[in-house]
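**Student:** What follows is entry-v2.csv; its format and atoms are CSV, N, CA and C atoms.
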chain,number,residue,atom,x,y,z
A,663,MET,N,145.6,76.4,20.5
A,663,MET,CA,146.5,77.5,20.3
A,663,MET,C,146.8,77.6,18.8
A,664,GLY,N,146.6,76.5,18.0
A,664,GLY,CA,147.0,76.6,16.6
A,664,GLY,C,145.9,77.2,15.7
A,665,SER,N,144.6,77.2,16.2
A,665,SER,CA,143.6,77.8,15.3
A,665,SER,C,143.2,79.2,15.7
A,666,LEU,N,142.6,79.9,14.8
A,666,LEU,CA,142.2,81.3,15.0
A,666,LEU,C,140.7,81.3,15.4
A,667,GLY,N,140.4,82.0,16.4
A,667,GLY,CA,139.0,82.1,16.9
A,667,GLY,C,138.4,83.3,16.2
A,668,PRO,N,137.1,83.5,16.5
A,668,PRO,CA,136.3,84.6,15.9
A,668,PRO,C,136.9,86.0,16.3
A,669,LEU,N,137.4,86.1,17.5
A,669,LEU,CA,138.0,87.4,18.0
A,669,LEU,C,139.2,87.7,17.2
A,670,GLU,N,140.1,86.7,17.0
A,670,GLU,CA,141.3,87.0,16.2
A,670,GLU,C,141.0,87.3,14.8
A,671,ILE,N,140.1,86.6,14.2
A,671,ILE,CA,139.7,86.9,12.8
A,671,ILE,C,139.1,88.4,12.7
A,672,GLY,N,138.3,88.7,13.7
A,672,GLY,CA,137.7,90.1,13.7
A,672,GLY,C,138.8,91.1,13.9
A,673,LEU,N,139.8,90.9,14.7
A,673,LEU,CA,140.9,91.8,14.9
A,673,LEU,C,141.7,92.0,13.6
A,674,ILE,N,141.9,90.9,12.9
A,674,ILE,CA,142.7,90.9,11.6
A,674,ILE,C,141.9,91.7,10.6
A,675,ILE,N,140.6,91.5,10.5
A,675,ILE,CA,139.7,92.2,9.5
A,675,ILE,C,139.7,93.7,9.9
A,676,LEU,N,139.7,94.0,11.2
A,676,LEU,CA,139.7,95.4,11.6
A,676,LEU,C,141.0,96.1,11.3
A,677,ALA,N,142.1,95.4,11.5
A,677,ALA,CA,143.4,95.9,11.1
A,677,ALA,C,143.6,96.2,9.6
A,678,ILE,N,143.0,95.3,8.8
A,678,ILE,CA,143.1,95.4,7.3
A,678,ILE,C,142.2,96.7,6.9
A,679,LEU,N,141.1,96.8,7.5
A,679,LEU,CA,140.2,98.0,7.3
A,679,LEU,C,140.9,99.3,7.6
A,680,LEU,N,141.6,99.3,8.8
A,680,LEU,CA,142.3,100.5,9.2
A,680,LEU,C,143.5,100.8,8.3
A,681,LEU,N,144.2,99.8,7.8
A,681,LEU,CA,145.3,100.0,7.0
A,681,LEU,C,145.0,100.5,5.6
A,682,PHE,N,144.0,99.9,5.0
A,682,PHE,CA,143.7,100.2,3.6
A,682,PHE,C,142.5,101.1,3.4
A,683,GLY,N,141.6,101.1,4.3
A,683,GLY,CA,140.4,101.9,4.2
A,683,GLY,C,139.3,101.1,3.4
A,684,TYR,N,138.1,101.4,3.7
A,684,TYR,CA,137.0,100.6,3.1
A,684,TYR,C,136.8,100.9,1.6
A,685,LYS,N,137.3,102.1,1.1
A,685,LYS,CA,137.1,102.4,-0.3
A,685,LYS,C,138.1,101.6,-1.2
A,686,LYS,N,139.3,101.4,-0.7
A,686,LYS,CA,140.3,100.7,-1.5
A,686,LYS,C,140.2,99.2,-1.5
A,687,LEU,N,139.5,98.6,-0.5
A,687,LEU,CA,139.5,97.2,-0.4
A,687,LEU,C,138.9,96.5,-1.6
A,688,PRO,N,137.8,96.9,-2.2
A,688,PRO,CA,137.3,96.2,-3.4
A,688,PRO,C,138.3,96.2,-4.6
A,689,ASP,N,138.9,97.4,-4.8
A,689,ASP,CA,139.9,97.5,-5.8
A,689,ASP,C,141.1,96.5,-5.6
A,690,ALA,N,141.5,96.5,-4.3
A,690,ALA,CA,142.7,95.7,-3.9
A,690,ALA,C,142.3,94.2,-4.1
A,691,SER,N,141.1,93.8,-3.7
A,691,SER,CA,140.8,92.4,-3.8
A,691,SER,C,140.6,92.0,-5.3
A,692,ARG,N,140.1,92.9,-6.1
A,692,ARG,CA,139.9,92.7,-7.5
A,692,ARG,C,141.2,92.5,-8.2
A,693,SER,N,142.2,93.4,-7.9
A,693,SER,CA,143.5,93.2,-8.5
A,693,SER,C,144.2,92.0,-8.0
A,694,LEU,N,144.0,91.6,-6.8
A,694,LEU,CA,144.6,90.4,-6.2
A,694,LEU,C,144.0,89.2,-7.0
A,695,GLY,N,142.7,89.2,-7.2
A,695,GLY,CA,142.1,88.1,-7.9
A,695,GLY,C,142.6,88.0,-9.3
A,696,ARG,N,142.7,89.1,-10.0
A,696,ARG,CA,143.3,89.1,-11.4
A,696,ARG,C,144.7,88.5,-11.4
A,697,SER,N,145.5,89.0,-10.4
A,697,SER,CA,146.9,88.5,-10.4
A,697,SER,C,146.9,87.0,-10.2
A,698,LEU,N,146.1,86.5,-9.3
A,698,LEU,CA,146.1,85.1,-9.0
A,698,LEU,C,145.6,84.3,-10.2
A,699,ARG,N,144.6,84.8,-10.9
A,699,ARG,CA,144.1,84.2,-12.1
A,699,ARG,C,145.2,84.1,-13.2
A,700,ILE,N,145.9,85.2,-13.4
A,700,ILE,CA,147.0,85.3,-14.4
A,700,ILE,C,148.1,84.3,-14.0
A,701,PHE,N,148.5,84.3,-12.7
A,701,PHE,CA,149.5,83.4,-12.2
A,701,PHE,C,149.1,81.9,-12.4
A,702,LYS,N,147.9,81.6,-12.1
A,702,LYS,CA,147.4,80.3,-12.3
A,702,LYS,C,147.4,79.8,-13.8
A,703,GLY,N,147.0,80.7,-14.7
A,703,GLY,CA,147.1,80.5,-16.1
A,703,GLY,C,148.5,80.3,-16.6
A,704,GLU,N,149.4,81.1,-16.1
A,704,GLU,CA,150.8,80.9,-16.5
A,704,GLU,C,151.4,79.6,-16.0
A,705,MET,N,151.1,79.2,-14.8
A,705,MET,CA,151.5,78.0,-14.3
A,705,MET,C,151.0,76.8,-15.0
A,706,LYS,N,149.7,76.9,-15.4
A,706,LYS,CA,149.1,75.8,-16.2
A,706,LYS,C,149.7,75.7,-17.6
A,707,GLY,N,150.0,76.9,-18.2
A,707,GLY,CA,150.7,76.9,-19.5
A,707,GLY,C,152.1,76.3,-19.4
A,708,MET,N,152.8,76.6,-18.3
A,708,MET,CA,154.1,76.0,-18.1
A,708,MET,C,154.1,74.5,-18.0
A,709,LYS,N,153.0,74.0,-17.3
A,709,LYS,CA,152.9,72.5,-17.1
A,709,LYS,C,152.5,71.9,-18.4
A,710,ASP,N,151.7,72.6,-19.2
A,710,ASP,CA,151.3,72.0,-20.5
A,710,ASP,C,152.5,72.0,-21.5
A,711,ASP,N,153.4,73.0,-21.4
A,711,ASP,CA,154.6,73.0,-22.2
A,711,ASP,C,155.5,71.9,-21.8
A,712,ASP,N,155.6,71.6,-20.5
A,712,ASP,CA,156.5,70.6,-20.1
A,712,ASP,C,156.0,69.2,-20.5
A,713,SER,N,154.7,69.0,-20.5
A,713,SER,CA,154.2,67.7,-20.8
A,713,SER,C,154.2,67.4,-22.3
A,714,VAL,N,154.2,68.4,-23.2
A,714,VAL,CA,154.3,68.2,-24.6
A,714,VAL,C,155.7,68.3,-25.1
A,715,GLY,N,156.2,67.2,-25.7
A,715,GLY,CA,157.5,67.2,-26.3
A,715,GLY,C,158.7,67.2,-25.3
A,716,GLY,N,158.4,66.9,-24.1
A,716,GLY,CA,159.5,66.8,-23.1
A,716,GLY,C,160.1,68.2,-22.8
A,717,GLY,N,159.3,69.2,-22.9
A,717,GLY,CA,159.8,70.5,-22.6
A,717,GLY,C,160.3,71.3,-23.8
A,718,LEU,N,160.5,70.7,-24.9
A,718,LEU,CA,161.0,71.4,-26.1
A,718,LEU,C,159.9,71.3,-27.2
A,719,ARG,N,159.7,72.4,-27.8
A,719,ARG,CA,158.7,72.4,-28.9
A,719,ARG,C,159.3,72.1,-30.2
A,720,THR,N,158.7,71.1,-30.9
A,720,THR,CA,159.3,70.7,-32.2
A,720,THR,C,158.3,71.2,-33.3
A,721,LYS,N,158.9,71.6,-34.4
A,721,LYS,CA,158.1,72.0,-35.5
A,721,LYS,C,157.7,70.8,-36.4
A,722,ASP,N,156.6,70.8,-37.0
A,722,ASP,CA,156.2,69.8,-37.9
A,722,ASP,C,157.0,69.9,-39.2
A,723,ALA,N,157.5,68.8,-39.7
A,723,ALA,CA,158.4,68.8,-40.8
A,723,ALA,C,157.7,69.2,-42.1
A,724,ALA,N,156.4,68.9,-42.2
A,724,ALA,CA,155.6,69.3,-43.4
A,724,ALA,C,155.4,70.8,-43.4
A,725,LYS,N,155.4,71.5,-42.3
A,725,LYS,CA,155.2,72.9,-42.3
A,725,LYS,C,156.5,73.7,-42.7
A,726,THR,N,157.6,73.1,-42.4
A,726,THR,CA,158.9,73.8,-42.7
A,726,THR,C,159.5,73.4,-44.0
A,727,SER,N,159.0,72.5,-44.7
A,727,SER,CA,159.7,72.0,-45.9
A,727,SER,C,159.5,72.9,-47.1
A,728,SER,N,158.5,73.7,-47.2
A,728,SER,CA,158.3,74.5,-48.4
A,728,SER,C,158.8,75.9,-48.2
A,729,PRO,N,159.6,76.4,-49.1
A,729,PRO,CA,160.1,77.8,-48.9
A,729,PRO,C,159.1,78.8,-49.3
A,730,LEU,N,159.2,80.0,-48.7
A,730,LEU,CA,158.3,81.1,-49.1
A,730,LEU,C,158.7,81.8,-50.4
A,731,ARG,N,157.8,82.2,-51.1
A,731,ARG,CA,158.1,82.9,-52.4
A,731,ARG,C,157.3,84.2,-52.4
A,732,GLY,N,158.0,85.2,-53.0
A,732,GLY,CA,157.3,86.5,-53.1
A,732,GLY,C,158.0,87.3,-54.2
A,733,ASP,N,157.4,88.4,-54.6
A,733,ASP,CA,158.0,89.3,-55.5
A,733,ASP,C,158.5,90.6,-54.8
A,734,VAL,N,159.6,91.1,-55.3
A,734,VAL,CA,160.2,92.3,-54.8
A,734,VAL,C,159.6,93.5,-55.5
A,735,LEU,N,159.0,94.4,-54.8
A,735,LEU,CA,158.4,95.6,-55.5
A,735,LEU,C,159.2,96.8,-55.2
A,736,PRO,N,159.2,97.8,-56.1
A,736,PRO,CA,159.9,99.0,-55.9
A,736,PRO,C,159.2,99.8,-54.8
A,737,PRO,N,159.9,100.7,-54.1
A,737,PRO,CA,159.3,101.4,-53.0
A,737,PRO,C,158.2,102.4,-53.6
A,738,ALA,N,157.1,102.5,-52.8
A,738,ALA,CA,156.1,103.4,-53.3
A,738,ALA,C,156.5,104.8,-53.1
A,739,THR,N,156.2,105.7,-54.0
A,739,THR,CA,156.5,107.1,-53.9
A,739,THR,C,155.3,107.8,-53.4
A,740,THR,N,155.5,108.7,-52.5
A,740,THR,CA,154.4,109.5,-51.9
A,740,THR,C,154.5,111.0,-52.4
A,741,THR,N,155.5,111.3,-53.2
A,741,THR,CA,155.6,112.7,-53.6
A,741,THR,C,154.7,113.0,-54.8
A,742,SER,N,154.5,114.2,-55.0
A,742,SER,CA,153.6,114.6,-56.2
A,742,SER,C,154.4,114.7,-57.4
A,743,ALA,N,153.9,115.2,-58.5
A,743,ALA,CA,154.5,115.3,-59.8
A,743,ALA,C,155.8,116.1,-59.7
A,744,SER,N,155.8,117.1,-58.8
A,744,SER,CA,157.0,118.0,-58.7
A,744,SER,C,158.1,117.3,-58.0
A,745,GLY,N,157.7,116.3,-57.2
A,745,GLY,CA,158.8,115.5,-56.5
A,745,GLY,C,159.3,116.2,-55.2
A,746,ASP,N,158.7,117.3,-54.8
A,746,ASP,CA,159.3,118.0,-53.6
A,746,ASP,C,158.4,117.7,-52.4
A,747,LEU,N,158.7,116.7,-51.6
A,747,LEU,CA,157.9,116.4,-50.4
A,747,LEU,C,158.0,117.4,-49.4
A,748,SER,N,159.1,118.1,-49.3
A,748,SER,CA,159.3,119.1,-48.2
A,748,SER,C,158.4,120.3,-48.5
A,749,ALA,N,158.2,120.7,-49.7
A,749,ALA,CA,157.3,121.8,-50.1
A,749,ALA,C,155.9,121.4,-49.8
A,750,GLU,N,155.5,120.2,-50.0
A,750,GLU,CA,154.1,119.7,-49.7
A,750,GLU,C,153.9,119.7,-48.2
A,751,LEU,N,154.9,119.3,-47.5
A,751,LEU,CA,154.7,119.3,-46.0
A,751,LEU,C,154.6,120.7,-45.5
A,752,HIS,N,155.3,121.6,-46.0
A,752,HIS,CA,155.2,123.0,-45.5
A,752,HIS,C,153.9,123.6,-45.9
A,753,ALA,N,153.4,123.3,-47.1
A,753,ALA,CA,152.1,123.8,-47.5
A,753,ALA,C,151.0,123.2,-46.6
A,754,GLU,N,151.0,121.9,-46.3
A,754,GLU,CA,150.1,121.3,-45.4
A,754,GLU,C,150.1,121.9,-44.0
A,755,ALA,N,151.4,122.2,-43.5
A,755,ALA,CA,151.5,122.8,-42.2
A,755,ALA,C,150.9,124.2,-42.2
A,756,ARG,N,151.1,125.0,-43.3
A,756,ARG,CA,150.5,126.3,-43.3
A,756,ARG,C,149.0,126.2,-43.3
A,757,GLU,N,148.4,125.3,-44.1
A,757,GLU,CA,147.0,125.1,-44.1
A,757,GLU,C,146.5,124.7,-42.7
A,758,ALA,N,147.2,123.9,-42.0
A,758,ALA,CA,146.7,123.5,-40.7
A,758,ALA,C,146.8,124.7,-39.7
A,759,GLU,N,147.9,125.5,-39.8
A,759,GLU,CA,148.0,126.7,-39.0
A,759,GLU,C,146.8,127.7,-39.2
A,760,LEU,N,146.5,127.8,-40.5
A,760,LEU,CA,145.4,128.7,-40.9
A,760,LEU,C,144.1,128.2,-40.3
A,761,ARG,N,143.8,126.9,-40.4
A,761,ARG,CA,142.6,126.3,-39.8
A,761,ARG,C,142.6,126.5,-38.3
A,762,ALA,N,143.7,126.3,-37.7
A,762,ALA,CA,143.8,126.5,-36.2
A,762,ALA,C,143.5,127.9,-35.8
A,763,ALA,N,144.1,128.9,-36.6
A,763,ALA,CA,143.9,130.3,-36.3
A,763,ALA,C,142.4,130.6,-36.5
A,764,GLU,N,141.8,130.1,-37.5
A,764,GLU,CA,140.4,130.3,-37.8
A,764,GLU,C,139.5,129.8,-36.6
A,765,LEU,N,139.8,128.6,-36.2
A,765,LEU,CA,139.0,128.0,-35.1
A,765,LEU,C,139.2,128.8,-33.8
A,766,ARG,N,140.5,129.3,-33.5
A,766,ARG,CA,140.7,130.1,-32.3
A,766,ARG,C,139.9,131.4,-32.4
A,767,ALA,N,139.8,132.0,-33.6
A,767,ALA,CA,139.0,133.2,-33.8
A,767,ALA,C,137.6,133.0,-33.5
A,768,ARG,N,137.1,131.8,-34.0
A,768,ARG,CA,135.6,131.5,-33.8
A,768,ARG,C,135.4,131.3,-32.3
A,769,ALA,N,136.3,130.6,-31.7
A,769,ALA,CA,136.1,130.3,-30.2
A,769,ALA,C,136.1,131.6,-29.5
A,770,GLU,N,137.0,132.5,-29.8
A,770,GLU,CA,137.1,133.9,-29.2
A,770,GLU,C,135.8,134.7,-29.4
A,771,GLN,N,135.2,134.6,-30.6
A,771,GLN,CA,134.0,135.3,-30.9
A,771,GLN,C,132.9,134.7,-30.1
A,772,ALA,N,132.8,133.4,-30.0
A,772,ALA,CA,131.8,132.7,-29.2
A,772,ALA,C,131.9,133.1,-27.7
A,773,ARG,N,133.1,133.2,-27.2
A,773,ARG,CA,133.3,133.6,-25.8
A,773,ARG,C,132.8,135.0,-25.6
A,774,SER,N,133.2,135.9,-26.5
A,774,SER,CA,132.8,137.3,-26.4
A,774,SER,C,131.3,137.5,-26.5
A,775,ALA,N,130.7,136.7,-27.4
A,775,ALA,CA,129.2,136.8,-27.5
A,775,ALA,C,128.5,136.3,-26.3
A,776,ASP,N,129.1,135.2,-25.6
A,776,ASP,CA,128.5,134.7,-24.4
A,776,ASP,C,128.7,135.7,-23.3
A,777,GLY,N,129.8,136.4,-23.3
A,777,GLY,CA,130.0,137.4,-22.2
A,777,GLY,C,129.2,138.6,-22.3
A,778,SER,N,128.8,139.0,-23.5
A,778,SER,CA,128.0,140.2,-23.7
A,778,SER,C,126.5,140.0,-23.4
A,779,ARG,N,126.1,138.8,-23.2
A,779,ARG,CA,124.6,138.5,-23.0
A,779,ARG,C,124.2,138.9,-21.6
Represent the structure of the file as structure tokens.
**Tutor:**
Amino acid sequence: MGSLGPLEIGLIILAILLLFGYKKLPDASRSLGRSLRIFKGEMKGMKDDDSVGGGLRTKDAAKTSSPLRGDVLPPATTTSASGDLSAELHAEAREAELRAAELRARAEQARSADGSR
């Protein structure tokens, strides 16, 4: 009574096929395998963390003894000689709108040329 026979296993497989459909089963099993692999890796990582340092990570004293040194630089300027970033952005926007209008006109010409053939 405790073990499953071939008939019971067949009925379970048939019920799974009816519930999920034959097209979704490969994707479902693939995602289940990935999930189990990730879970197993995380559990192994947790065990490794517990075994090293009694659960707490300690930093090496030689790595933390020297301070970082660096130079402070002034912020980089992206404006032109006139110094008006707003005007430059508006000019670039106008150029982009002109290019877009030109491309729309070309596409419309190509559509009308294809329609007249």
**Student:** Expressed in Å to a single decimal, how great is the separation between CA of Ala755 (chain A) and CA of Gln771 (chain A)?
**Tutor:**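 Separation of CA of Ala755 (chain A) and CA of Gln771 (chain A): 24.3 Å.
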**Student:** In Å to one decimal, how far is CA of Ser691 (chain A) from atom C of Leu679 (chain A)?
**Tutor:**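 Taking atom C of Leu679 (chain A) as the start and CA of Ser691 (chain A) as the end point, the length is 13.3 Å.
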**Student:** For the atom pair atom N of Ile678 (chain A) and atom N of Ala690 (chain A), what is the interatomic distance in Å to one decimal place?
**Tutor:**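 Pair atom N of Ile678 (chain A) / atom N of Ala690 (chain A) returns 13.2 Å.
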**Student:** Given the block above, output region 671-683 of chain A with all heavy atoms as a PDB file, in the first residue's frame.
**Tutor:**
ATOM      1  N   ILE A 671       1.444   5.701 -11.319  1.00  0.00           N
ATOM      2  CA  ILE A 671       2.414   6.617 -11.943  1.00  0.00           C
ATOM      3  C   ILE A 671       1.871   7.110 -13.284  1.00  0.00           C
ATOM      4  O   ILE A 671       1.984   8.289 -13.622  1.00  0.00           O
ATOM      5  CB  ILE A 671       3.789   5.926 -12.099  1.00  0.00           C
ATOM      6  CG1 ILE A 671       4.390   5.669 -10.715  1.00  0.00           C
ATOM      7  CG2 ILE A 671       4.730   6.778 -12.945  1.00  0.00           C
ATOM      8  CD1 ILE A 671       5.672   4.875 -10.743  1.00  0.00           C
ATOM      9  N   GLY A 672       1.284   6.225 -14.050  1.00  0.00           N
ATOM     10  CA  GLY A 672       0.687   6.603 -15.337  1.00  0.00           C
ATOM     11  C   GLY A 672      -0.432   7.611 -15.155  1.00  0.00           C
ATOM     12  O   GLY A 672      -0.554   8.572 -15.927  1.00  0.00           O
ATOM     13  N   LEU A 673      -1.274   7.410 -14.126  1.00  0.00           N
ATOM     14  CA  LEU A 673      -2.362   8.353 -13.869  1.00  0.00           C
ATOM     15  C   LEU A 673      -1.821   9.723 -13.445  1.00  0.00           C
ATOM     16  O   LEU A 673      -2.358  10.758 -13.844  1.00  0.00           O
ATOM     17  CB  LEU A 673      -3.297   7.799 -12.793  1.00  0.00           C
ATOM     18  CG  LEU A 673      -4.195   6.638 -13.241  1.00  0.00           C
ATOM     19  CD1 LEU A 673      -4.975   6.085 -12.056  1.00  0.00           C
ATOM     20  CD2 LEU A 673      -5.141   7.089 -14.337  1.00  0.00           C
ATOM     21  N   ILE A 674      -0.765   9.731 -12.657  1.00  0.00           N
ATOM     22  CA  ILE A 674      -0.151  11.009 -12.246  1.00  0.00           C
ATOM     23  C   ILE A 674       0.408  11.741 -13.452  1.00  0.00           C
ATOM     24  O   ILE A 674       0.207  12.953 -13.620  1.00  0.00           O
ATOM     25  CB  ILE A 674       0.930  10.761 -11.172  1.00  0.00           C
ATOM     26  CG1 ILE A 674       0.274  10.283  -9.878  1.00  0.00           C
ATOM     27  CG2 ILE A 674       1.764  12.017 -10.945  1.00  0.00           C
ATOM     28  CD1 ILE A 674       1.261   9.817  -8.832  1.00  0.00           C
ATOM     29  N   ILE A 675       1.097  11.034 -14.333  1.00  0.00           N
ATOM     30  CA  ILE A 675       1.650  11.639 -15.550  1.00  0.00           C
ATOM     31  C   ILE A 675       0.537  12.170 -16.434  1.00  0.00           C
ATOM     32  O   ILE A 675       0.625  13.270 -16.994  1.00  0.00           O
ATOM     33  CB  ILE A 675       2.559  10.634 -16.294  1.00  0.00           C
ATOM     34  CG1 ILE A 675       3.822  10.382 -15.468  1.00  0.00           C
ATOM     35  CG2 ILE A 675       2.921  11.144 -17.680  1.00  0.00           C
ATOM     36  CD1 ILE A 675       4.708   9.289 -16.021  1.00  0.00           C
ATOM     37  N   LEU A 676      -0.541  11.408 -16.570  1.00  0.00           N
ATOM     38  CA  LEU A 676      -1.682  11.843 -17.379  1.00  0.00           C
ATOM     39  C   LEU A 676      -2.319  13.101 -16.787  1.00  0.00           C
ATOM     40  O   LEU A 676      -2.666  14.038 -17.523  1.00  0.00           O
ATOM     41  CB  LEU A 676      -2.718  10.714 -17.469  1.00  0.00           C
ATOM     42  CG  LEU A 676      -3.959  11.017 -18.302  1.00  0.00           C
ATOM     43  CD1 LEU A 676      -3.560  11.201 -19.764  1.00  0.00           C
ATOM     44  CD2 LEU A 676      -4.973   9.913 -18.161  1.00  0.00           C
ATOM     45  N   ALA A 677      -2.450  13.159 -15.461  1.00  0.00           N
ATOM     46  CA  ALA A 677      -3.028  14.344 -14.821  1.00  0.00           C
ATOM     47  C   ALA A 677      -2.140  15.571 -15.037  1.00  0.00           C
ATOM     48  O   ALA A 677      -2.633  16.672 -15.311  1.00  0.00           O
ATOM     49  CB  ALA A 677      -3.209  14.081 -13.323  1.00  0.00           C
ATOM     50  N   ILE A 678      -0.819  15.394 -14.957  1.00  0.00           N
ATOM     51  CA  ILE A 678       0.105  16.511 -15.187  1.00  0.00           C
ATOM     52  C   ILE A 678       0.001  16.992 -16.625  1.00  0.00           C
ATOM     53  O   ILE A 678      -0.022  18.200 -16.890  1.00  0.00           O
ATOM     54  CB  ILE A 678       1.548  16.099 -14.824  1.00  0.00           C
ATOM     55  CG1 ILE A 678       1.668  15.926 -13.314  1.00  0.00           C
ATOM     56  CG2 ILE A 678       2.563  17.115 -15.327  1.00  0.00           C
ATOM     57  CD1 ILE A 678       2.985  15.349 -12.862  1.00  0.00           C
ATOM     58  N   LEU A 679      -0.081  16.056 -17.572  1.00  0.00           N
ATOM     59  CA  LEU A 679      -0.230  16.437 -18.977  1.00  0.00           C
ATOM     60  C   LEU A 679      -1.522  17.204 -19.214  1.00  0.00           C
ATOM     61  O   LEU A 679      -1.563  18.170 -19.974  1.00  0.00           O
ATOM     62  CB  LEU A 679      -0.180  15.204 -19.879  1.00  0.00           C
ATOM     63  CG  LEU A 679       1.194  14.651 -20.200  1.00  0.00           C
ATOM     64  CD1 LEU A 679       1.079  13.313 -20.932  1.00  0.00           C
ATOM     65  CD2 LEU A 679       1.963  15.642 -21.046  1.00  0.00           C
ATOM     66  N   LEU A 680      -2.594  16.765 -18.570  1.00  0.00           N
ATOM     67  CA  LEU A 680      -3.875  17.450 -18.747  1.00  0.00           C
ATOM     68  C   LEU A 680      -3.861  18.835 -18.102  1.00  0.00           C
ATOM     69  O   LEU A 680      -4.476  19.768 -18.632  1.00  0.00           O
ATOM     70  CB  LEU A 680      -5.010  16.610 -18.156  1.00  0.00           C
ATOM     71  CG  LEU A 680      -5.359  15.336 -18.935  1.00  0.00           C
ATOM     72  CD1 LEU A 680      -6.404  14.524 -18.181  1.00  0.00           C
ATOM     73  CD2 LEU A 680      -5.861  15.684 -20.323  1.00  0.00           C
ATOM     74  N   LEU A 681      -3.184  18.969 -16.984  1.00  0.00           N
ATOM     75  CA  LEU A 681      -3.143  20.264 -16.303  1.00  0.00           C
ATOM     76  C   LEU A 681      -2.293  21.289 -17.042  1.00  0.00           C
ATOM     77  O   LEU A 681      -2.693  22.441 -17.208  1.00  0.00           O
ATOM     78  CB  LEU A 681      -2.608  20.102 -14.875  1.00  0.00           C
ATOM     79  CG  LEU A 681      -3.567  19.493 -13.862  1.00  0.00           C
ATOM     80  CD1 LEU A 681      -2.857  19.254 -12.539  1.00  0.00           C
ATOM     81  CD2 LEU A 681      -4.761  20.401 -13.654  1.00  0.00           C
ATOM     82  N   PHE A 682      -1.118  20.893 -17.465  1.00  0.00           N
ATOM     83  CA  PHE A 682      -0.178  21.851 -18.033  1.00  0.00           C
ATOM     84  C   PHE A 682      -0.120  21.838 -19.553  1.00  0.00           C
ATOM     85  O   PHE A 682       0.265  22.820 -20.170  1.00  0.00           O
ATOM     86  CB  PHE A 682       1.235  21.598 -17.483  1.00  0.00           C
ATOM     87  CG  PHE A 682       1.330  21.840 -16.018  1.00  0.00           C
ATOM     88  CD1 PHE A 682       1.432  20.791 -15.137  1.00  0.00           C
ATOM     89  CD2 PHE A 682       1.304  23.121 -15.518  1.00  0.00           C
ATOM     90  CE1 PHE A 682       1.520  21.009 -13.783  1.00  0.00           C
ATOM     91  CE2 PHE A 682       1.380  23.358 -14.161  1.00  0.00           C
ATOM     92  CZ  PHE A 682       1.497  22.292 -13.287  1.00  0.00           C
ATOM     93  N   GLY A 683      -0.464  20.752 -20.189  1.00  0.00           N
ATOM     94  CA  GLY A 683      -0.347  20.667 -21.634  1.00  0.00           C
ATOM     95  C   GLY A 683       1.051  20.240 -22.040  1.00  0.00           C
ATOM     96  O   GLY A 683       2.023  20.493 -21.340  1.00  0.00           O
TER      97      GLY A 683
END
